[in-house]
file work-v3.pdb (PDB, C-alpha atoms)
MODEL        1
ATOM      1  CA  MET B 192    -126.507 -58.189 -98.367
ATOM      2  CA  LYS B 193    -127.243 -56.570-101.746
ATOM      3  CA  LYS B 194    -130.044 -54.633-100.112
ATOM      4  CA  TYR B 195    -127.647 -53.131 -97.561
ATOM      5  CA  LEU B 196    -125.019 -52.366-100.183
ATOM      6  CA  ALA B 197    -127.607 -50.522-102.262
ATOM      7  CA  GLN B 198    -128.944 -48.705 -99.212
ATOM      8  CA  PHE B 199    -125.527 -47.548 -98.008
ATOM      9  CA  LYS B 200    -123.943 -47.054-101.445
ATOM     10  CA  PRO B 201    -123.548 -43.230-101.151
ATOM     11  CA  PHE B 202    -121.921 -43.582 -97.739
ATOM     12  CA  LEU B 203    -119.624 -46.380 -98.888
ATOM     13  CA  ILE B 204    -118.568 -44.375-101.946
ATOM     14  CA  PHE B 205    -117.873 -41.327 -99.759
ATOM     15  CA  VAL B 206    -115.802 -43.338 -97.267
ATOM     16  CA  SER B 207    -113.895 -45.130-100.039
ATOM     17  CA  ILE B 208    -113.015 -41.945-101.920
ATOM     18  CA  PHE B 209    -112.136 -40.102 -98.713
ATOM     19  CA  PHE B 210    -109.786 -42.790 -97.399
ATOM     20  CA  LEU B 211    -108.244 -43.558-100.779
ATOM     21  CA  THR B 212    -107.495 -39.865-101.375
ATOM     22  CA  TYR B 213    -106.238 -39.404 -97.820
ATOM     23  CA  ILE B 214    -103.956 -42.443 -97.971
ATOM     24  CA  VAL B 215    -102.524 -41.566-101.408
ATOM     25  CA  LEU B 216    -101.857 -37.914-100.489
ATOM     26  CA  THR B 217    -100.365 -38.891 -97.136
ATOM     27  CA  LEU B 218     -98.043 -41.405 -98.807
ATOM     28  CA  VAL B 219     -96.988 -38.815-101.393
ATOM     29  CA  TYR B 220     -96.277 -36.321 -98.599
ATOM     30  CA  LYS B 221     -94.343 -38.913 -96.568
ATOM     31  CA  PHE B 222     -92.324 -39.765 -99.694
ATOM     32  CA  TYR B 223     -91.573 -36.039-100.065
ATOM     33  CA  LEU B 224     -90.512 -35.782 -96.411
ATOM     34  CA  ASN B 225     -88.242 -38.841 -96.724
ATOM     35  CA  HIS B 226     -85.969 -36.831 -99.034
ATOM     36  CA  TYR B 227     -84.897 -34.746 -96.061
ATOM     37  CA  GLY B 228     -82.360 -35.995 -93.543
ATOM     38  CA  ALA B 229     -82.685 -36.269 -89.789
ATOM     39  CA  ILE B 230     -81.581 -32.676 -89.217
ATOM     40  CA  ASP B 231     -83.099 -31.160 -92.364
ATOM     41  CA  LEU B 232     -86.405 -29.351 -92.494
ATOM     42  CA  ASP B 233     -88.618 -29.750 -95.540
ATOM     43  CA  GLY B 234     -88.961 -26.980 -98.107
ATOM     44  CA  ILE B 235     -92.621 -26.271 -97.374
ATOM     45  CA  SER B 236     -91.910 -25.600 -93.702
ATOM     46  CA  LEU B 237     -88.956 -23.383 -94.635
ATOM     47  CA  PHE B 238     -91.213 -21.429 -97.002
ATOM     48  CA  VAL B 239     -93.821 -21.002 -94.264
ATOM     49  CA  GLY B 240     -91.099 -19.690 -91.954
ATOM     50  CA  LYS B 241     -89.898 -17.195 -94.574
ATOM     51  CA  ASN B 242     -93.449 -15.969 -95.129
ATOM     52  CA  VAL B 243     -94.070 -15.554 -91.389
ATOM     53  CA  GLU B 244     -90.795 -13.663 -91.001
ATOM     54  CA  PHE B 245     -91.640 -11.422 -93.985
ATOM     55  CA  LEU B 246     -95.108 -10.680 -92.599
ATOM     56  CA  LEU B 247     -93.844  -9.776 -89.144
ATOM     57  CA  ARG B 248     -91.110  -7.557 -90.598
ATOM     58  CA  LEU B 249     -93.824  -5.699 -92.520
ATOM     59  CA  PHE B 250     -95.218  -4.765 -89.129
ATOM     60  CA  ASP B 251     -91.759  -3.702 -87.877
ATOM     61  CA  TYR B 252     -91.173  -6.627 -85.557
ATOM     62  CA  ASN B 253     -87.564  -7.507 -84.807
ATOM     63  CA  ILE B 254     -87.964 -11.119 -85.896
ATOM     64  CA  ILE B 255     -85.447 -13.755 -86.896
ATOM     65  CA  ILE B 256     -86.617 -17.151 -88.071
ATOM     66  CA  GLN B 257     -83.615 -19.338 -88.745
ATOM     67  CA  LYS B 258     -82.854 -22.985 -89.315
ATOM     68  CA  SER B 259     -81.552 -24.777 -86.248
ATOM     69  CA  SER B 260     -78.026 -25.986 -86.890
ATOM     70  CA  GLN B 261     -78.588 -29.378 -85.256
ATOM     71  CA  ASN B 262     -82.336 -30.013 -85.341
ATOM     72  CA  PRO B 263     -85.127 -30.262 -87.935
ATOM     73  CA  TRP B 264     -86.916 -27.039 -87.049
ATOM     74  CA  LEU B 265     -86.780 -23.283 -87.361
ATOM     75  CA  GLU B 266     -85.888 -21.184 -84.337
ATOM     76  CA  ILE B 267     -88.116 -18.157 -83.806
ATOM     77  CA  ILE B 268     -86.421 -15.204 -82.147
ATOM     78  CA  LEU B 269     -88.464 -12.080 -81.427
ATOM     79  CA  ASN B 270     -86.756  -9.003 -79.955
ATOM     80  CA  ASN B 271     -83.581 -11.053 -79.330
ATOM     81  CA  MET B 272     -85.517 -13.603 -77.263
ATOM     82  CA  PHE B 273     -85.869 -17.245 -78.330
ATOM     83  CA  LEU B 274     -89.598 -17.758 -78.392
ATOM     84  CA  ALA B 275     -90.535 -20.990 -80.128
ATOM     85  CA  ARG B 276     -89.751 -23.606 -82.740
ATOM     86  CA  LEU B 277     -91.475 -24.043 -86.057
ATOM     87  CA  ILE B 278     -91.552 -27.735 -86.957
ATOM     88  CA  GLU B 279     -92.810 -29.670 -89.975
ATOM     89  CA  GLY B 280     -96.232 -30.099 -88.368
ATOM     90  CA  CYS B 281     -96.718 -26.316 -88.384
ATOM     91  CA  ASN B 282     -96.859 -26.083 -92.176
ATOM     92  CA  ALA B 283    -100.554 -27.176 -92.351
ATOM     93  CA  VAL B 284     -99.951 -29.769 -95.089
ATOM     94  CA  SER B 285    -101.734 -32.463 -93.061
ATOM     95  CA  ILE B 286    -104.736 -30.139 -92.738
ATOM     96  CA  MET B 287    -104.652 -29.498 -96.489
ATOM     97  CA  ILE B 288    -104.606 -33.250 -97.134
ATOM     98  CA  LEU B 289    -107.637 -33.680 -94.882
ATOM     99  CA  PHE B 290    -109.411 -30.803 -96.672
ATOM    100  CA  VAL B 291    -108.684 -32.190-100.156
ATOM    101  CA  SER B 292    -109.785 -35.697 -99.157
ATOM    102  CA  PHE B 293    -113.122 -34.457 -97.870
ATOM    103  CA  VAL B 294    -113.814 -32.254-100.914
ATOM    104  CA  ALA B 295    -112.856 -35.098-103.251
ATOM    105  CA  ALA B 296    -115.227 -37.436-101.412
ATOM    106  CA  PHE B 297    -118.050 -34.926-101.858
ATOM    107  CA  SER B 298    -116.920 -33.957-105.335
ATOM    108  CA  GLY B 299    -119.050 -32.071-107.785
ATOM    109  CA  LYS B 300    -118.141 -31.071-111.315
ATOM    110  CA  LEU B 301    -114.435 -31.671-111.911
ATOM    111  CA  SER B 302    -113.584 -28.050-112.763
ATOM    112  CA  LYS B 303    -115.414 -26.667-109.727
ATOM    113  CA  THR B 304    -113.907 -29.335-107.496
ATOM    114  CA  LEU B 305    -110.355 -28.568-108.637
ATOM    115  CA  LEU B 306    -110.879 -24.799-108.368
ATOM    116  CA  PHE B 307    -112.326 -25.138-104.864
ATOM    117  CA  ILE B 308    -109.453 -27.394-103.803
ATOM    118  CA  LEU B 309    -106.960 -24.835-105.130
ATOM    119  CA  PHE B 310    -108.836 -22.001-103.396
ATOM    120  CA  GLY B 311    -108.937 -23.977-100.148
ATOM    121  CA  ILE B 312    -105.250 -24.883-100.179
ATOM    122  CA  VAL B 313    -104.184 -21.294-100.900
ATOM    123  CA  THR B 314    -106.441 -19.792 -98.231
ATOM    124  CA  ILE B 315    -105.483 -22.438 -95.660
ATOM    125  CA  TYR B 316    -101.820 -21.628 -96.348
ATOM    126  CA  ILE B 317    -102.417 -17.873 -95.959
ATOM    127  CA  LEU B 318    -104.465 -18.368 -92.789
ATOM    128  CA  ASN B 319    -101.748 -20.630 -91.397
ATOM    129  CA  VAL B 320     -99.036 -18.000 -91.995
ATOM    130  CA  LEU B 321    -101.245 -15.364 -90.338
ATOM    131  CA  ARG B 322    -101.985 -17.763 -87.494
ATOM    132  CA  ILE B 323     -98.302 -18.479 -86.820
ATOM    133  CA  ALA B 324     -97.373 -14.787 -87.002
ATOM    134  CA  LEU B 325    -100.122 -13.825 -84.577
ATOM    135  CA  LEU B 326     -99.218 -16.723 -82.289
ATOM    136  CA  ILE B 327     -95.590 -15.544 -82.173
ATOM    137  CA  VAL B 328     -96.614 -12.023 -81.209
ATOM    138  CA  LEU B 329     -99.092 -13.224 -78.581
ATOM    139  CA  LEU B 330     -96.569 -15.659 -77.107
ATOM    140  CA  PHE B 331     -94.123 -12.789 -76.735
ATOM    141  CA  TYR B 332     -96.606 -10.610 -74.852
ATOM    142  CA  PHE B 333     -98.487 -13.371 -73.016
ATOM    143  CA  PRO B 334     -96.034 -16.244 -72.380
ATOM    144  CA  GLU B 335     -98.229 -17.554 -69.566
ATOM    145  CA  LYS B 336    -100.961 -18.278 -72.154
ATOM    146  CA  THR B 337     -98.730 -20.498 -74.332
ATOM    147  CA  SER B 338    -100.684 -23.683 -73.735
ATOM    148  CA  LEU B 339    -104.082 -22.090 -74.288
ATOM    149  CA  LEU B 340    -102.997 -20.283 -77.454
ATOM    150  CA  HIS B 341    -100.965 -23.075 -79.049
ATOM    151  CA  GLU B 342    -103.097 -26.068 -78.115
ATOM    152  CA  ILE B 343    -106.642 -24.655 -78.182
ATOM    153  CA  VAL B 344    -107.207 -21.236 -79.718
ATOM    154  CA  PHE B 345    -105.055 -21.464 -82.833
ATOM    155  CA  PRO B 346    -105.930 -25.066 -83.779
ATOM    156  CA  LEU B 347    -109.566 -24.041 -83.360
ATOM    157  CA  ILE B 348    -109.029 -21.217 -85.855
ATOM    158  CA  ILE B 349    -107.515 -23.369 -88.596
ATOM    159  CA  TYR B 350    -109.785 -26.385 -88.118
ATOM    160  CA  GLY B 351    -112.797 -24.116 -87.780
ATOM    161  CA  TYR B 352    -111.947 -22.477 -91.095
ATOM    162  CA  VAL B 353    -111.574 -25.868 -92.804
ATOM    163  CA  PHE B 354    -114.914 -26.942 -91.334
ATOM    164  CA  LEU B 355    -116.561 -23.780 -92.735
ATOM    165  CA  LEU B 356    -115.012 -24.489 -96.148
ATOM    166  CA  TRP B 357    -116.449 -28.013 -96.046
ATOM    167  CA  ILE B 358    -119.923 -26.775 -95.124
ATOM    168  CA  PHE B 359    -119.780 -24.188 -97.901
ATOM    169  CA  TRP B 360    -118.622 -26.848-100.381
ATOM    170  CA  ILE B 361    -121.326 -29.355 -99.447
ATOM    171  CA  ASN B 362    -124.120 -26.774 -99.568
ATOM    172  CA  ARG B 363    -123.053 -24.992-102.764
ATOM    173  CA  PHE B 364    -121.028 -27.166-105.094
ATOM    174  CA  SER B 365    -120.954 -30.844-104.172
ATOM    175  CA  LYS B 366    -123.120 -33.370-105.968
ATOM    176  CA  TYR B 367    -125.178 -33.576-102.772
ATOM    177  CA  ALA B 368    -125.980 -29.833-102.746
ATOM    178  CA  LYS B 369    -129.402 -30.289-104.264
TER     179      LYS B 369
ENDMDL
END
call {"tool": "encode", "arguments": {"input": "work-v3.pdb", "output": "structure tokens"}}
result
Amino acid sequence: MKKYLAQFKPFLIFVSIFFLTYIVLTLVYKFYLNHYGAIDLDGISLFVGKNVEFLLRLFDYNIIIQKSSQNPWLEIILNNMFLARLIEGCNAVSIMILFVSFVAAFSGKLSKTLLFILFGIVTIYILNVLRIALLIVLLFYFPEKTSLLHEIVFPLIIYGYVFLLWIFWINRFSKYAK
């Protein structure tokens, strides 16, 4: 048994750190979400909505993103047409938790690890706002492509970016880079 533990020690450490980080961050996020009622939307999702609305207004789109009066989501109205809902799951926090857990499990020097985590979270947030804004515009012009865009193309963009960040981290900065 000791032989196997020694042989698989790096893998076991990785899995332990990954799951511990993931569970702790998920519980912290769930605790945060529990402060909002059944018809309230969390502050992070509201902030994402405000950023998407600001971005689209910069490009002269007639966009209104407003809190639903009876439901926990934001209503997206483009050119006076209800287009979609922005829910808590659209804020990319779960993706950020996954990203942080993986980087922590492959950690390198503490300062580089923390800086890369900060860089990753900020760029994931920015990409997510861009992704939602572009999705809104494309849904307006191509409503028949809703399923393809929402369920395949745009998740592929955000998860693909996170995957590229992980590869970059492992090859450049993690303790396994050498």
call {"tool": "closest_residue", "arguments": {"input": "work-v3.pdb", "among": "B:Asn319, B:Asn253, B:Ser260, B:Ser338", "to": "Met272 in chain B", "atoms": "all atoms listed in the file"}}
result
B:Asn253
call {"tool": "axis_aligned_box", "arguments": {"input": "work-v3.pdb", "around": "range 251-256 of chain B", "padding_each_side": "8 Å", "output": "JSON"}}
result
{"center_x": -88.6, "center_y": -10.4, "center_z": -86.4, "size_x": 22.3, "size_y": 29.4, "size_z": 19.3}
call {"tool": "residues_around", "arguments": {"input": "work-v3.pdb", "residues": "Ile323 in chain B", "least_positions_apart": "6", "cutoff": "12 Å", "atoms": "all atoms listed in the file", "output": "VMD selection string"}}
result
chain B and resid 236 239 to 244 246 to 247 256 267 275 to 278 280 to 283 316 to 317 329 to 330 340 to 341 344 to 346 348 to 349
call {"tool": "residues_around", "arguments": {"input": "work-v3.pdb", "residues": "Ile204 in chain B", "least_positions_apart": "6", "cutoff": "12 Å", "atoms": "only C-alpha atoms", "output": "VMD selection string"}}
result
chain B and resid 196 to 198 210 to 212 295 to 298
call {"tool": "resolve_selection", "arguments": {"input": "work-v3.pdb", "expression": "the PyMOL selection byres ((chain B and resi 307) around 12)", "output": "ChimeraX atom specification"}}
result
/B:290-291,293-295,297-306,308-315,356-357,359-361,363-365
call {"tool": "atom_distance", "arguments": {"input": "work-v3.pdb", "atom1": "CA of Leu318 in chain B", "atom2": "CA of Tyr350 in chain B"}}
result
10.7 Å
call {"tool": "atom_distance", "arguments": {"input": "work-v3.pdb", "atom1": "CA of Glu335 in chain B", "atom2": "CA of Asn271 in chain B"}}
result
18.8 Å
call {"tool": "atom_distance", "arguments": {"input": "work-v3.pdb", "atom1": "CA of Lys258 in chain B", "atom2": "CA of Glu279 in chain B"}}
result
12.0 Å
call {"tool": "closest_residue", "arguments": {"input": "work-v3.pdb", "among": "B:Leu274, B:Leu237, B:Val284, B:Leu249", "to": "Tyr220 in chain B", "atoms": "only C-alpha atoms"}}
result
B:Val284
call {"tool": "closest_residue", "arguments": {"input": "work-v3.pdb", "among": "B:Lys200, B:Lys221, B:Lys194, B:Lys366", "to": "Ser285 in chain B", "atoms": "all atoms listed in the file"}}
result
B:Lys221
call {"tool": "closest_residue", "arguments": {"input": "work-v3.pdb", "among": "B:Met287, B:Met192, B:Leu218, B:Ile230", "to": "Asn262 in chain B", "atoms": "all atoms listed in the file"}}
result
B:Ile230
call {"tool": "closest_residue", "arguments": {"input": "work-v3.pdb", "among": "B:Pro334, B:Val328, B:Ile235, B:Phe209", "to": "Asp251 in chain B", "atoms": "all atoms listed in the file"}}
result
B:Val328
call {"tool": "closest_residue", "arguments": {"input": "work-v3.pdb", "among": "B:Ala324, B:Ile358, B:Ile208, B:Tyr195", "to": "Ile255 in chain B", "atoms": "only C-alpha atoms"}}
result
B:Ala324
call {"tool": "decode", "arguments": {"input": "work-v3.pdb", "residues": "range 295-331 of chain B", "atoms": "N, CA and C atoms", "output": "mmCIF file, in the first residue's frame"}}
result
data_model
loop_
_atom_site.group_PDB
_atom_site.id
_atom_site.type_symbol
_atom_site.label_atom_id
_atom_site.label_comp_id
_atom_site.auth_asym_id
_atom_site.auth_seq_id
_atom_site.Cartn_x
_atom_site.Cartn_y
_atom_site.Cartn_z
ATOM 1 N N ALA B 295 -4.781 26.301 -8.274
ATOM 2 C CA ALA B 295 -4.309 26.019 -6.914
ATOM 3 C C ALA B 295 -3.736 24.603 -6.823
ATOM 4 N N ALA B 296 -4.370 23.662 -7.501
ATOM 5 C CA ALA B 296 -3.893 22.279 -7.463
ATOM 6 C C ALA B 296 -2.561 22.111 -8.169
ATOM 7 N N PHE B 297 -2.289 22.954 -9.145
ATOM 8 C CA PHE B 297 -1.013 22.950 -9.857
ATOM 9 C C PHE B 297 -0.185 24.167 -9.460
ATOM 10 N N SER B 298 -0.300 24.563 -8.214
ATOM 11 C CA SER B 298 0.312 25.824 -7.788
ATOM 12 C C SER B 298 1.816 25.839 -7.989
ATOM 13 N N GLY B 299 2.305 27.045 -8.111
ATOM 14 C CA GLY B 299 3.741 27.300 -8.197
ATOM 15 C C GLY B 299 4.107 28.171 -7.017
ATOM 16 N N LYS B 300 4.952 29.155 -7.255
ATOM 17 C CA LYS B 300 5.278 30.113 -6.194
ATOM 18 C C LYS B 300 4.007 30.868 -5.828
ATOM 19 N N LEU B 301 3.853 31.161 -4.539
ATOM 20 C CA LEU B 301 2.616 31.768 -4.043
ATOM 21 C C LEU B 301 2.300 33.080 -4.757
ATOM 22 N N SER B 302 3.275 33.953 -4.914
ATOM 23 C CA SER B 302 3.008 35.253 -5.546
ATOM 24 C C SER B 302 2.574 35.079 -6.998
ATOM 25 N N LYS B 303 3.240 34.208 -7.737
ATOM 26 C CA LYS B 303 2.860 33.974 -9.126
ATOM 27 C C LYS B 303 1.486 33.306 -9.213
ATOM 28 N N THR B 304 1.229 32.392 -8.304
ATOM 29 C CA THR B 304 -0.068 31.717 -8.289
ATOM 30 C C THR B 304 -1.187 32.720 -8.052
ATOM 31 N N LEU B 305 -1.036 33.576 -7.045
ATOM 32 C CA LEU B 305 -2.073 34.556 -6.733
ATOM 33 C C LEU B 305 -2.248 35.569 -7.865
ATOM 34 N N LEU B 306 -1.146 36.012 -8.458
ATOM 35 C CA LEU B 306 -1.239 36.958 -9.577
ATOM 36 C C LEU B 306 -1.931 36.318 -10.784
ATOM 37 N N PHE B 307 -1.600 35.057 -11.062
ATOM 38 C CA PHE B 307 -2.234 34.380 -12.195
ATOM 39 C C PHE B 307 -3.715 34.144 -11.931
ATOM 40 N N ILE B 308 -4.066 33.810 -10.706
ATOM 41 C CA ILE B 308 -5.479 33.637 -10.354
ATOM 42 C C ILE B 308 -6.220 34.959 -10.541
ATOM 43 N N LEU B 309 -5.637 36.052 -10.075
ATOM 44 C CA LEU B 309 -6.263 37.366 -10.242
ATOM 45 C C LEU B 309 -6.405 37.709 -11.728
ATOM 46 N N PHE B 310 -5.340 37.503 -12.493
ATOM 47 C CA PHE B 310 -5.377 37.736 -13.935
ATOM 48 C C PHE B 310 -6.475 36.893 -14.588
ATOM 49 N N GLY B 311 -6.541 35.627 -14.231
ATOM 50 C CA GLY B 311 -7.535 34.729 -14.814
ATOM 51 C C GLY B 311 -8.952 35.143 -14.491
ATOM 52 N N ILE B 312 -9.215 35.483 -13.241
ATOM 53 C CA ILE B 312 -10.564 35.888 -12.841
ATOM 54 C C ILE B 312 -10.993 37.154 -13.582
ATOM 55 N N VAL B 313 -10.096 38.139 -13.647
ATOM 56 C CA VAL B 313 -10.424 39.395 -14.329
ATOM 57 C C VAL B 313 -10.676 39.160 -15.815
ATOM 58 N N THR B 314 -9.819 38.380 -16.462
ATOM 59 C CA THR B 314 -9.999 38.164 -17.903
ATOM 60 C C THR B 314 -11.199 37.260 -18.203
ATOM 61 N N ILE B 315 -11.483 36.313 -17.333
ATOM 62 C CA ILE B 315 -12.692 35.495 -17.506
ATOM 63 C C ILE B 315 -13.928 36.384 -17.381
ATOM 64 N N TYR B 316 -13.922 37.293 -16.417
ATOM 65 C CA TYR B 316 -15.048 38.212 -16.236
ATOM 66 C C TYR B 316 -15.247 39.066 -17.496
ATOM 67 N N ILE B 317 -14.156 39.653 -17.984
ATOM 68 C CA ILE B 317 -14.230 40.512 -19.177
ATOM 69 C C ILE B 317 -14.719 39.706 -20.382
ATOM 70 N N LEU B 318 -14.142 38.526 -20.577
ATOM 71 C CA LEU B 318 -14.577 37.677 -21.694
ATOM 72 C C LEU B 318 -16.044 37.309 -21.550
ATOM 73 N N ASN B 319 -16.500 37.064 -20.344
ATOM 74 C CA ASN B 319 -17.896 36.701 -20.124
ATOM 75 C C ASN B 319 -18.827 37.863 -20.488
ATOM 76 N N VAL B 320 -18.462 39.084 -20.105
ATOM 77 C CA VAL B 320 -19.275 40.253 -20.458
ATOM 78 C C VAL B 320 -19.321 40.409 -21.982
ATOM 79 N N LEU B 321 -18.164 40.275 -22.627
ATOM 80 C CA LEU B 321 -18.112 40.349 -24.093
ATOM 81 C C LEU B 321 -18.952 39.241 -24.730
ATOM 82 N N ARG B 322 -18.853 38.063 -24.165
ATOM 83 C CA ARG B 322 -19.590 36.902 -24.664
ATOM 84 C C ARG B 322 -21.097 37.130 -24.585
ATOM 85 N N ILE B 323 -21.570 37.629 -23.448
ATOM 86 C CA ILE B 323 -23.007 37.874 -23.281
ATOM 87 C C ILE B 323 -23.476 38.974 -24.233
ATOM 88 N N ALA B 324 -22.695 40.040 -24.342
ATOM 89 C CA ALA B 324 -23.063 41.141 -25.243
ATOM 90 C C ALA B 324 -23.162 40.650 -26.688
ATOM 91 N N LEU B 325 -22.178 39.906 -27.115
ATOM 92 C CA LEU B 325 -22.188 39.382 -28.483
ATOM 93 C C LEU B 325 -23.341 38.395 -28.680
ATOM 94 N N LEU B 326 -23.596 37.579 -27.674
ATOM 95 C CA LEU B 326 -24.708 36.631 -27.754
ATOM 96 C C LEU B 326 -26.035 37.366 -27.910
ATOM 97 N N ILE B 327 -26.222 38.448 -27.173
ATOM 98 C CA ILE B 327 -27.458 39.233 -27.268
ATOM 99 C C ILE B 327 -27.649 39.748 -28.694
ATOM 100 N N VAL B 328 -26.598 40.334 -29.242
ATOM 101 C CA VAL B 328 -26.682 40.885 -30.591
ATOM 102 C C VAL B 328 -26.965 39.772 -31.611
ATOM 103 N N LEU B 329 -26.260 38.664 -31.495
ATOM 104 C CA LEU B 329 -26.475 37.567 -32.446
ATOM 105 C C LEU B 329 -27.861 36.944 -32.306
ATOM 106 N N LEU B 330 -28.362 36.866 -31.084
ATOM 107 C CA LEU B 330 -29.717 36.330 -30.889
ATOM 108 C C LEU B 330 -30.767 37.239 -31.518
ATOM 109 N N PHE B 331 -30.502 38.538 -31.498
ATOM 110 C CA PHE B 331 -31.426 39.481 -32.116
ATOM 111 C C PHE B 331 -31.480 39.269 -33.630
#
